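File shown: structure-v8.txt (compact mmCIF, C-alpha atoms).
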# COMPACT_ATOMS: atom_id res chain seq x y z
CA MET A 1 -20.04 10.11 -3.61
CA LEU A 2 -20.64 13.68 -2.45
CA TYR A 3 -17.92 16.32 -2.37
CA ASN A 4 -18.58 19.73 -0.86
CA ASP A 5 -16.85 23.07 -0.41
CA HIS A 6 -16.41 22.50 3.32
CA ASP A 7 -14.36 19.33 2.78
CA LEU A 8 -12.36 21.06 0.06
CA ALA A 9 -11.61 24.00 2.36
CA ASP A 10 -10.30 21.62 5.05
CA LEU A 11 -8.00 19.92 2.56
CA GLU A 12 -6.75 23.23 1.21
CA LYS A 13 -6.02 24.38 4.77
CA ALA A 14 -4.06 21.18 5.43
CA ARG A 15 -2.16 21.64 2.16
CA LEU A 16 -1.16 25.20 3.05
CA THR A 17 -0.07 24.10 6.52
CA LEU A 18 2.25 21.49 4.98
CA GLU A 19 3.52 24.10 2.53
CA GLU A 20 4.59 26.31 5.43
CA GLU A 21 6.24 23.35 7.18
CA LEU A 22 8.29 22.64 4.07
CA LYS A 23 9.71 26.17 4.25
CA ASN A 24 11.10 25.51 7.73
CA PRO A 25 14.89 24.91 7.47
CA ALA A 26 14.74 22.71 10.58
CA LEU A 27 12.72 20.14 8.64
CA PHE A 28 15.71 19.44 6.39
CA LYS A 29 17.58 17.99 9.37
CA ASP A 30 15.21 15.02 9.38
CA GLN A 31 15.24 13.70 5.82
CA LYS A 32 12.64 11.01 6.46
CA LEU A 33 10.21 13.53 7.95
CA TYR A 34 10.94 16.00 5.15
CA THR A 35 10.31 13.32 2.49
CA ALA A 36 7.05 12.23 4.15
CA THR A 37 5.87 15.85 4.46
CA ALA A 38 6.75 16.63 0.84
CA ARG A 39 4.96 13.49 -0.35
CA ARG A 40 1.81 14.34 1.61
CA HIS A 41 1.89 17.92 0.31
CA SER A 42 2.13 16.60 -3.26
CA GLU A 43 -0.79 14.22 -2.67
CA LEU A 44 -2.98 16.99 -1.26
CA THR A 45 -2.04 19.37 -4.08
CA ARG A 46 -3.18 16.82 -6.65
CA LEU A 47 -6.32 15.98 -4.67
CA VAL A 48 -7.33 19.63 -4.25
CA GLY A 49 -6.74 20.26 -7.95
CA VAL A 50 -8.92 17.37 -9.06
CA TRP A 51 -11.59 18.26 -6.52
CA ARG A 52 -11.79 21.85 -7.85
CA LYS A 53 -12.15 20.53 -11.40
CA PHE A 54 -14.93 18.20 -10.24
CA LEU A 55 -16.86 21.03 -8.55
CA LYS A 56 -16.37 23.23 -11.64
CA ALA A 57 -17.69 20.44 -13.89
CA SER A 58 -20.72 20.04 -11.60
CA GLU A 59 -21.45 23.77 -11.81
CA ASP A 60 -21.06 23.74 -15.59
CA ILE A 61 -23.52 20.84 -15.88
CA GLU A 62 -26.12 22.68 -13.81
CA GLY A 63 -25.71 25.83 -15.91
CA THR A 64 -25.85 23.86 -19.17
CA ARG A 65 -29.05 22.11 -18.11
CA LEU A 66 -30.66 25.47 -17.52
CA LEU A 67 -29.74 26.45 -21.07
CA LEU A 68 -31.77 23.48 -22.36
CA GLU A 69 -34.84 25.55 -21.47
CA ASP A 70 -33.61 28.67 -23.29
CA SER A 71 -35.94 30.25 -25.81
CA ASN A 72 -33.15 30.47 -28.37
CA PRO A 73 -32.97 27.22 -30.46
CA GLY A 74 -29.28 27.74 -31.18
CA ILE A 75 -28.40 27.95 -27.49
CA ARG A 76 -30.49 24.84 -26.72
CA GLU A 77 -28.71 22.94 -29.50
CA LEU A 78 -25.31 24.02 -28.20
CA ALA A 79 -26.27 22.95 -24.66
CA GLU A 80 -27.40 19.54 -25.91
CA MET A 81 -24.02 19.08 -27.59
CA GLU A 82 -21.98 20.17 -24.55
CA LEU A 83 -23.88 18.32 -21.82
CA PRO A 84 -22.75 14.74 -22.64
CA GLU A 85 -19.10 15.83 -22.72
CA LEU A 86 -19.42 17.63 -19.38
CA GLU A 87 -21.09 14.59 -17.82
CA ARG A 88 -18.28 12.34 -19.10
CA LEU A 89 -15.72 14.74 -17.64
CA LYS A 90 -17.50 14.74 -14.28
CA LYS A 91 -17.64 10.93 -14.26
CA ASP A 92 -13.90 10.67 -15.00
CA LEU A 93 -13.06 13.20 -12.29
CA ASP A 94 -15.30 11.37 -9.82
CA ALA A 95 -13.42 8.12 -10.49
CA GLU A 96 -10.07 9.89 -10.08
CA LEU A 97 -11.20 11.47 -6.82
CA LYS A 98 -12.29 8.13 -5.41
CA LEU A 99 -8.87 6.65 -6.17
CA LEU A 100 -7.14 9.61 -4.53
CA LEU A 101 -9.38 9.33 -1.46
CA LEU A 102 -8.96 5.57 -1.08
CA PRO A 103 -7.05 4.69 2.11
CA LYS A 104 -3.40 4.36 1.19
CA ASP A 105 -1.40 1.23 1.88
CA PRO A 106 0.84 2.45 4.75
CA ASN A 107 3.75 0.52 3.24
CA ASP A 108 3.53 2.01 -0.27
CA ALA A 109 6.25 4.60 0.33
CA LYS A 110 8.67 2.09 1.84
CA ASN A 111 11.84 0.65 0.41
CA THR A 112 11.52 -2.99 -0.55
CA VAL A 113 13.28 -6.29 0.09
CA VAL A 114 12.93 -8.59 -2.93
CA GLU A 115 13.59 -12.33 -2.57
CA ILE A 116 13.93 -14.47 -5.70
CA ARG A 117 14.19 -18.26 -5.38
CA ALA A 118 14.55 -20.97 -8.00
CA GLY A 119 11.63 -23.41 -7.91
CA ALA A 120 10.87 -26.39 -10.12
CA GLY A 121 13.25 -26.90 -13.01
CA GLY A 122 16.72 -27.34 -11.53
CA ASP A 123 19.49 -25.42 -13.29
CA GLU A 124 17.06 -23.81 -15.73
CA ALA A 125 15.04 -22.37 -12.83
CA ALA A 126 18.23 -21.03 -11.26
CA LEU A 127 19.24 -19.40 -14.55
CA PHE A 128 15.84 -17.75 -14.82
CA ALA A 129 16.14 -16.50 -11.23
CA ASN A 130 19.27 -14.72 -12.44
CA ASP A 131 17.31 -13.30 -15.41
CA LEU A 132 14.59 -11.93 -13.12
CA TYR A 133 17.17 -10.43 -10.79
CA ARG A 134 18.78 -8.53 -13.69
CA MET A 135 15.33 -7.53 -14.99
CA TYR A 136 14.39 -5.90 -11.68
CA LEU A 137 17.80 -4.26 -11.34
CA ARG A 138 17.44 -2.64 -14.76
CA TYR A 139 13.88 -1.53 -14.01
CA ALA A 140 15.09 0.00 -10.72
CA GLU A 141 17.99 1.73 -12.48
CA GLY A 142 15.61 3.19 -15.06
CA ARG A 143 13.52 4.73 -12.28
CA GLY A 144 16.53 6.14 -10.48
CA TRP A 145 16.28 3.71 -7.57
CA LYS A 146 19.21 2.19 -5.71
CA ALA A 147 19.61 -1.60 -5.38
CA ASP A 148 21.77 -3.25 -2.75
CA LEU A 149 22.52 -6.98 -2.76
CA LEU A 150 21.78 -8.58 0.63
CA SER A 151 22.26 -12.30 0.07
CA LEU A 152 23.23 -14.56 -2.82
CA SER A 153 23.33 -18.33 -3.26
CA PRO A 154 24.78 -19.22 -6.70
CA SER A 155 24.05 -22.44 -8.57
CA ASP A 156 26.65 -24.59 -10.33
CA ALA A 157 25.32 -23.64 -13.79
CA GLY A 158 25.77 -19.91 -13.29
CA GLY A 159 22.30 -19.06 -12.02
CA PHE A 160 21.00 -18.31 -8.53
CA LYS A 161 19.34 -20.71 -6.12
CA GLU A 162 18.37 -17.60 -4.16
CA VAL A 163 19.07 -13.89 -4.36
CA ILE A 164 17.83 -11.23 -1.94
CA PHE A 165 18.26 -7.51 -2.51
CA LEU A 166 17.03 -4.18 -1.17
CA VAL A 167 15.56 -1.55 -3.49
CA GLU A 168 15.53 2.02 -2.20
CA GLY A 169 13.65 4.92 -3.75
CA ASP A 170 10.42 6.89 -3.81
CA GLY A 171 7.36 4.63 -3.65
CA VAL A 172 9.27 1.44 -4.44
CA TYR A 173 6.88 -0.91 -2.63
CA SER A 174 3.82 0.60 -4.33
CA HIS A 175 5.32 -0.33 -7.70
CA LEU A 176 6.72 -3.77 -6.90
CA LYS A 177 4.31 -5.24 -4.35
CA HIS A 178 2.22 -7.09 -6.94
CA GLU A 179 5.29 -8.92 -8.28
CA SER A 180 4.99 -11.48 -5.46
CA GLY A 181 4.09 -14.93 -6.72
CA VAL A 182 5.23 -17.77 -8.94
CA HIS A 183 6.81 -16.72 -12.24
CA ARG A 184 6.81 -19.46 -14.88
CA VAL A 185 9.30 -19.62 -17.75
CA GLN A 186 8.95 -21.66 -20.95
CA ARG A 187 12.05 -21.89 -23.14
CA VAL A 188 14.58 -24.24 -24.73
CA PRO A 189 17.59 -24.64 -22.41
CA ALA A 190 21.04 -24.21 -23.92
CA THR A 191 21.81 -27.84 -22.99
CA GLU A 192 18.69 -29.19 -24.76
CA THR A 193 19.81 -30.99 -27.92
CA GLN A 194 16.30 -31.97 -29.10
CA GLY A 195 14.96 -28.41 -29.10
CA ARG A 196 12.28 -29.23 -26.54
CA ILE A 197 10.68 -26.47 -24.51
CA HIS A 198 11.14 -26.84 -20.76
CA THR A 199 8.92 -25.26 -18.12
CA SER A 200 10.48 -23.97 -14.90
CA THR A 201 9.33 -21.78 -12.04
CA VAL A 202 10.80 -19.06 -9.85
CA THR A 203 9.21 -17.61 -6.73
CA VAL A 204 9.35 -13.87 -6.06
CA ALA A 205 8.54 -12.36 -2.66
CA VAL A 206 8.30 -8.58 -2.27
CA LEU A 207 8.49 -7.36 1.34
CA PRO A 208 8.30 -3.78 2.65
CA GLU A 209 11.47 -2.82 4.49
CA ALA A 210 10.84 -2.67 8.23
CA GLU A 211 12.51 -0.17 10.50
CA GLU A 212 13.66 -1.06 14.00
CA VAL A 213 10.79 0.88 15.58
CA GLU A 214 8.28 -1.20 13.59
CA VAL A 215 9.74 -4.62 14.30
CA ASP A 216 11.53 -5.00 17.59
CA ILE A 217 14.04 -7.84 17.52
CA ARG A 218 15.29 -8.54 21.02
CA ALA A 219 18.84 -9.77 21.42
CA GLU A 220 17.65 -12.77 23.43
CA ASP A 221 15.31 -13.78 20.58
CA ILE A 222 18.04 -14.35 18.03
CA LYS A 223 20.93 -16.76 17.65
CA VAL A 224 23.86 -15.53 15.57
CA ASP A 225 26.29 -18.02 14.03
CA VAL A 226 29.37 -17.01 12.07
CA TYR A 227 31.16 -19.22 9.59
CA ARG A 228 33.55 -19.09 6.64
CA SER A 229 32.07 -17.83 3.36
CA SER A 230 32.06 -20.29 0.49
CA GLY A 231 31.00 -20.67 -3.13
CA PRO A 232 31.64 -18.53 -6.22
CA GLY A 233 32.73 -15.05 -5.35
CA GLY A 234 33.69 -16.04 -1.82
CA GLN A 235 37.39 -16.39 -2.47
CA SER A 236 38.08 -12.85 -1.32
CA VAL A 237 36.21 -13.22 1.94
CA ASN A 238 36.68 -16.82 3.03
CA THR A 239 39.94 -16.23 4.87
CA THR A 240 37.89 -15.11 7.89
CA ASP A 241 34.64 -16.16 9.47
CA SER A 242 32.63 -13.30 7.95
CA ALA A 243 29.45 -15.10 6.91
CA VAL A 244 26.53 -14.73 9.30
CA ARG A 245 23.49 -16.88 10.02
CA VAL A 246 20.74 -15.28 12.13
CA THR A 247 18.01 -17.50 13.59
CA HIS A 248 14.90 -15.90 15.06
CA LEU A 249 14.05 -18.28 17.88
CA PRO A 250 10.33 -17.41 18.39
CA THR A 251 9.46 -18.02 14.72
CA GLY A 252 12.26 -20.28 13.50
CA LEU A 253 13.05 -17.90 10.62
CA VAL A 254 16.65 -18.21 9.42
CA VAL A 255 18.56 -15.63 7.37
CA THR A 256 22.11 -16.03 6.10
CA CYS A 257 24.37 -13.41 4.55
CA GLN A 258 27.92 -13.76 3.27
CA ASP A 259 28.12 -11.14 0.56
CA GLU A 260 30.20 -8.63 2.52
CA LYS A 261 33.77 -9.04 3.78
CA SER A 262 32.69 -7.57 7.11
CA GLN A 263 30.92 -9.76 9.64
CA ILE A 264 29.20 -6.67 11.05
CA LYS A 265 27.83 -5.64 7.64
CA ASN A 266 26.63 -9.19 6.97
CA LYS A 267 24.80 -9.20 10.31
CA GLN A 268 23.18 -5.83 9.54
CA LYS A 269 21.99 -7.10 6.16
CA ALA A 270 20.67 -10.33 7.68
CA LEU A 271 18.71 -8.33 10.27
CA THR A 272 17.28 -6.15 7.48
CA VAL A 273 15.92 -9.26 5.77
CA LEU A 274 14.68 -10.71 9.06
CA ARG A 275 12.79 -7.53 9.97
CA ALA A 276 11.16 -7.47 6.52
CA ARG A 277 10.05 -11.10 6.87
CA LEU A 278 8.65 -10.49 10.35
CA LEU A 279 6.74 -7.40 9.14
CA ASP A 280 5.43 -9.46 6.22
CA ARG A 281 4.12 -12.01 8.72
CA GLN A 282 2.38 -9.26 10.66
CA ILE A 283 0.75 -8.00 7.46
CA ALA A 284 -0.38 -11.53 6.52
CA GLU A 285 -1.88 -12.07 9.98
CA ARG A 286 -3.71 -8.74 9.71
CA ASP A 287 -5.08 -9.59 6.27
CA GLN A 288 -6.35 -12.96 7.50
CA LYS A 289 -8.57 -11.10 9.95
CA ILE A 290 -10.37 -9.33 7.11
CA SER A 291 -13.76 -10.87 6.39
CA SER A 292 -13.94 -13.37 3.54
CA GLU A 293 -16.35 -11.11 1.66
CA ARG A 294 -13.79 -8.33 1.47
CA ARG A 295 -10.65 -10.37 0.91
CA GLU A 296 -9.56 -10.73 -2.71
CA GLN A 297 -9.46 -14.39 -3.73
CA VAL A 298 -8.17 -13.90 -7.27
CA GLY A 299 -4.88 -12.13 -7.83
CA SER A 300 -4.26 -11.83 -4.12
CA GLY A 301 -0.49 -11.81 -4.54
CA ASP A 302 -0.15 -15.10 -2.68
CA ARG A 303 3.30 -16.53 -3.30
CA SER A 304 1.85 -19.93 -4.16
CA GLU A 305 -0.09 -18.41 -7.03
CA ARG A 306 1.21 -18.56 -10.61
CA ILE A 307 0.97 -14.96 -11.64
CA ARG A 308 2.93 -14.74 -14.87
CA THR A 309 4.35 -16.78 -17.78
CA TYR A 310 7.43 -15.84 -19.81
CA ASN A 311 7.32 -17.76 -23.10
CA PHE A 312 10.62 -17.27 -24.90
CA PRO A 313 9.88 -19.16 -28.17
CA GLN A 314 6.87 -16.89 -28.76
CA GLY A 315 8.47 -13.77 -27.25
CA ARG A 316 5.38 -13.52 -25.07
CA LEU A 317 4.64 -12.41 -21.52
CA THR A 318 1.24 -13.19 -20.00
CA ASP A 319 0.06 -11.94 -16.62
CA HIS A 320 -2.68 -14.37 -15.63
CA ARG A 321 -4.28 -12.12 -13.02
CA VAL A 322 -5.19 -9.30 -15.39
CA GLY A 323 -5.32 -11.15 -18.71
CA LEU A 324 -2.47 -9.07 -20.12
CA THR A 325 -0.41 -10.50 -23.00
CA LEU A 326 2.51 -8.64 -24.54
CA TYR A 327 4.76 -9.81 -27.38
CA LYS A 328 7.83 -7.86 -26.29
CA LEU A 329 9.55 -10.32 -23.96
CA PRO A 330 13.16 -9.36 -24.85
CA GLU A 331 12.46 -5.73 -23.90
CA ILE A 332 10.68 -6.74 -20.68
CA ILE A 333 13.51 -9.05 -19.59
CA ASN A 334 15.84 -6.09 -20.18
CA GLY A 335 13.92 -4.05 -17.62
CA ASP A 336 11.09 -2.50 -19.66
CA LEU A 337 8.47 -3.39 -17.02
CA ALA A 338 6.53 -0.12 -16.88
CA GLU A 339 3.60 -1.31 -19.01
CA VAL A 340 3.27 -4.57 -17.09
CA ILE A 341 3.50 -3.03 -13.62
CA GLY A 342 1.17 -0.20 -14.65
CA ALA A 343 -1.51 -2.60 -15.92
CA VAL A 344 -1.34 -4.78 -12.80
CA GLY A 345 -1.45 -1.75 -10.51
CA SER A 346 -4.50 -0.35 -12.32
CA PHE A 347 -6.22 -3.73 -12.05
CA PHE A 348 -5.85 -3.86 -8.28
CA GLU A 349 -6.82 -0.19 -7.90
CA ALA A 350 -10.01 -0.86 -9.85
CA LYS A 351 -10.84 -3.80 -7.58
CA ARG A 352 -10.29 -1.65 -4.48
CA LEU A 353 -12.47 1.07 -5.96
CA ALA A 354 -15.26 -1.39 -6.80
CA SER A 355 -15.06 -2.78 -3.26
CA TRP A 356 -15.34 0.75 -1.82
CA ASP A 357 -18.32 1.59 -4.03
CA ASN A 358 -20.14 -1.47 -2.69
CA ASP A 359 -19.76 -0.38 0.94
Let me see whether you can do it: turn the structure in this file into structure tokens.
Amino acid sequence: MLYNDHDLADLEKARLTLEEELKNPALFKDQKLYTATARRHSELTRLVGVWRKFLKASEDIEGTRLLLEDSNPGIRELAEMELPELERLKKDLDAELKLLLLPKDPNDAKNTVVEIRAGAGGDEAALFANDLYRMYLRYAEGRGWKADLLSLSPSDAGGFKEVIFLVEGDGVYSHLKHESGVHRVQRVPATETQGRIHTSTVTVAVLPEAEEVEVDIRAEDIKVDVYRSSGPGGQSVNTTDSAVRVTHLPTGLVVTCQDEKSQIKNKQKALTVLRARLLDRQIAERDQKISSERREQVGSGDRSERIRTYNFPQGRLTDHRVGLTLYKLPEIINGDLAEVIGAVGSFFEAKRLASWDND
């Protein structure tokens, strides 16, 4: 890929323009616009910095190659030693530039709705759904993100049949989007007297939060039912009809919420989940239009795909998409997900980069 001073000058001009905008006190009145402007300024600052280093490395290589023809043997020897290192530096900077210039996922900066559902395995699957919920909460807390419970369906054994929550913070979706899929757990249940290992599954869906301007839900397109909350934890709210069930008539999607004492708050949370699911459908329909040659078939993030195994007897986590195996399962379950999420993110970035290089 070619990079020139003209392109660099345009980017630097754009960066300086954003820098001036950030100094405008009026921008602080719109926090979303301010955050977006600050994020873009940060991206351009990094891009311009790497680009300058790349151009400097290119100039140094040209100058060093000229020294290979110098009449002084010592200078030629020094140039021969320096050239490979400069070429490696240029190659690394080129790869970094390509990643920075790749088209960004427009949803990467969004907050995220995470849905966790128990799959095969009965009570053990529901218990593991609870484990995953706590794992993501601790990971979010470690990054300074805020998590808000939207919907919860407890199981009789103390686990969750389903739990839905919203994670808010900087770049949440970019970190969590590859967590979608089937998570498999292998462990000995507490009720197992023979010590046999059971295999259960939990499905995780990660959806970018949709704003009202992105997904328009017309009043005539939804049916809202209210009913009395029930189940564990509902004792404090079941004296009134505070639980809400929202049905989206055009698609048949149904969302229920009974976590809050307020019917209004439950409806707001249900609509948040509904918008996220509708946006997710739009994204899926868009991706289906991409040609089969460009669409990733392996590690696509499809929710039907088994992406990861948590083997408790061995203390092992394996991500099947990237071939990553770590023997630190207790730490990971306690929220130490950075290494896993980083490896998966790098894997998908590399695939995008390879796809771009082949264009």
Within 10 Å of file point (8.4, -6.3, 14.2), counting all atoms listed in the file, expressed as a VMD selection string: chain A and resid 210 to 218 274 to 282
Output for the residues just chosen: C-alpha atoms as a CSV table (one decimal), keeping the file's coordinate frame:
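Written out: selection-v7.csv:
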chain,number,residue,atom,x,y,z
A,210,ALA,CA,10.8,-2.7,8.2
A,211,GLU,CA,12.5,-0.2,10.5
A,212,GLU,CA,13.7,-1.1,14.0
A,213,VAL,CA,10.8,0.9,15.6
A,214,GLU,CA,8.3,-1.2,13.6
A,215,VAL,CA,9.7,-4.6,14.3
A,216,ASP,CA,11.5,-5.0,17.6
A,217,ILE,CA,14.0,-7.8,17.5
A,218,ARG,CA,15.3,-8.5,21.0
A,274,LEU,CA,14.7,-10.7,9.1
A,275,ARG,CA,12.8,-7.5,10.0
A,276,ALA,CA,11.2,-7.5,6.5
A,277,ARG,CA,10.0,-11.1,6.9
A,278,LEU,CA,8.6,-10.5,10.4
A,279,LEU,CA,6.7,-7.4,9.1
A,280,ASP,CA,5.4,-9.5,6.2
A,281,ARG,CA,4.1,-12.0,8.7
A,282,GLN,CA,2.4,-9.3,10.7
Please indicate the distance in Å from CA of Asp7 (chain A) to CA of Asp170 (chain A), rounded to one decimal place.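 We find that CA of Asp7 (chain A) and CA of Asp170 (chain A) lie 28.5 Å from each other.
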Contacts of Val182 (chain A) within 6 Å, all atoms listed in the file, excl. fewer than 3 positions in-chain, as an MDAnalysis selection string: chainID A and resid 202:203 305:307
Selected residues written out with C-alpha atoms, as a PDB file, in the frame of the given file:
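The new file part.pdb reads:
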ATOM      1  CA  VAL A 202      10.800 -19.060  -9.850  1.00  0.00           C
ATOM      2  CA  THR A 203       9.210 -17.610  -6.730  1.00  0.00           C
ATOM      3  CA  GLU A 305      -0.090 -18.410  -7.030  1.00  0.00           C
ATOM      4  CA  ARG A 306       1.210 -18.560 -10.610  1.00  0.00           C
ATOM      5  CA  ILE A 307       0.970 -14.960 -11.640  1.00  0.00           C
TER       6      ILE A 307
END
Who sits within 12 Å of Glu179 (chain A), only C-alpha atoms, same chain under 5 positions skipped, as a PyMOL selection string: chain A and resi 112-116+132+136+172-174+202-207+299-303+305-308+319+321+337+340-342+344-345
As an exercise, work out the distance from CA of Arg316 (chain A) to CA of Ala125 (chain A) in Å and give it to one decimal place.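 For CA of Arg316 (chain A) relative to CA of Ala125 (chain A), the distance reads 17.9 Å.
You can rank A:Lys56, A:Arg134, A:Arg46, A:His248 by their closest distance to Glu96 (chain A) using all atoms listed in the file, and at the top of that list sits A:Arg46.
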Applying 9 Å and all atoms listed in the file, which residues near Glu43 (chain A) remain after dropping the ones on its own chain fewer than 5 positions away? List them as an MDAnalysis selection string. chainID A and resid 15 38 48 100
I need the chosen residues saved as a PDB file, in the coordinates of the input, with C-alpha atoms.
ATOM      1  CA  ARG A  15      -2.160  21.640   2.160  1.00  0.00           C
ATOM      2  CA  ALA A  38       6.750  16.630   0.840  1.00  0.00           C
ATOM      3  CA  VAL A  48      -7.330  19.630  -4.250  1.00  0.00           C
ATOM      4  CA  LEU A 100      -7.140   9.610  -4.530  1.00  0.00           C
TER       5      LEU A 100
END
Separation of CA of Gly144 (chain A) and CA of Thr35 (chain A), in Å? 16.1 Å
Need the shell around Arg196 (chain A): protein/DNA/RNA residues with any atom at most 12 Å away, counting only C-alpha atoms. Skip same-chain ones fewer than 4 positions apart. Format as a list in words? Gln186, Arg187, Val188, Pro189, Ala190, Thr191, Glu192 and Pro313 of chain A
Restricting the calculation to all atoms listed in the file, which member of A:Leu68, A:Ala338, A:Ala95, A:Val224 is positioned closest to Val255 (chain A)?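 That would be A:Val224, the residue with the smallest distance to Val255 (chain A).
In this comparison, which uses all atoms listed in the file, the residue of A:Leu93, A:Leu149, A:Leu176, A:Val167 approaching Asp108 (chain A) most closely is A:Leu176.
Using all atoms listed in the file, the smallest distance between any of A:Leu66, A:Val273, A:Ala14, A:Leu102 and Arg352 (chain A) comes from A:Leu102.
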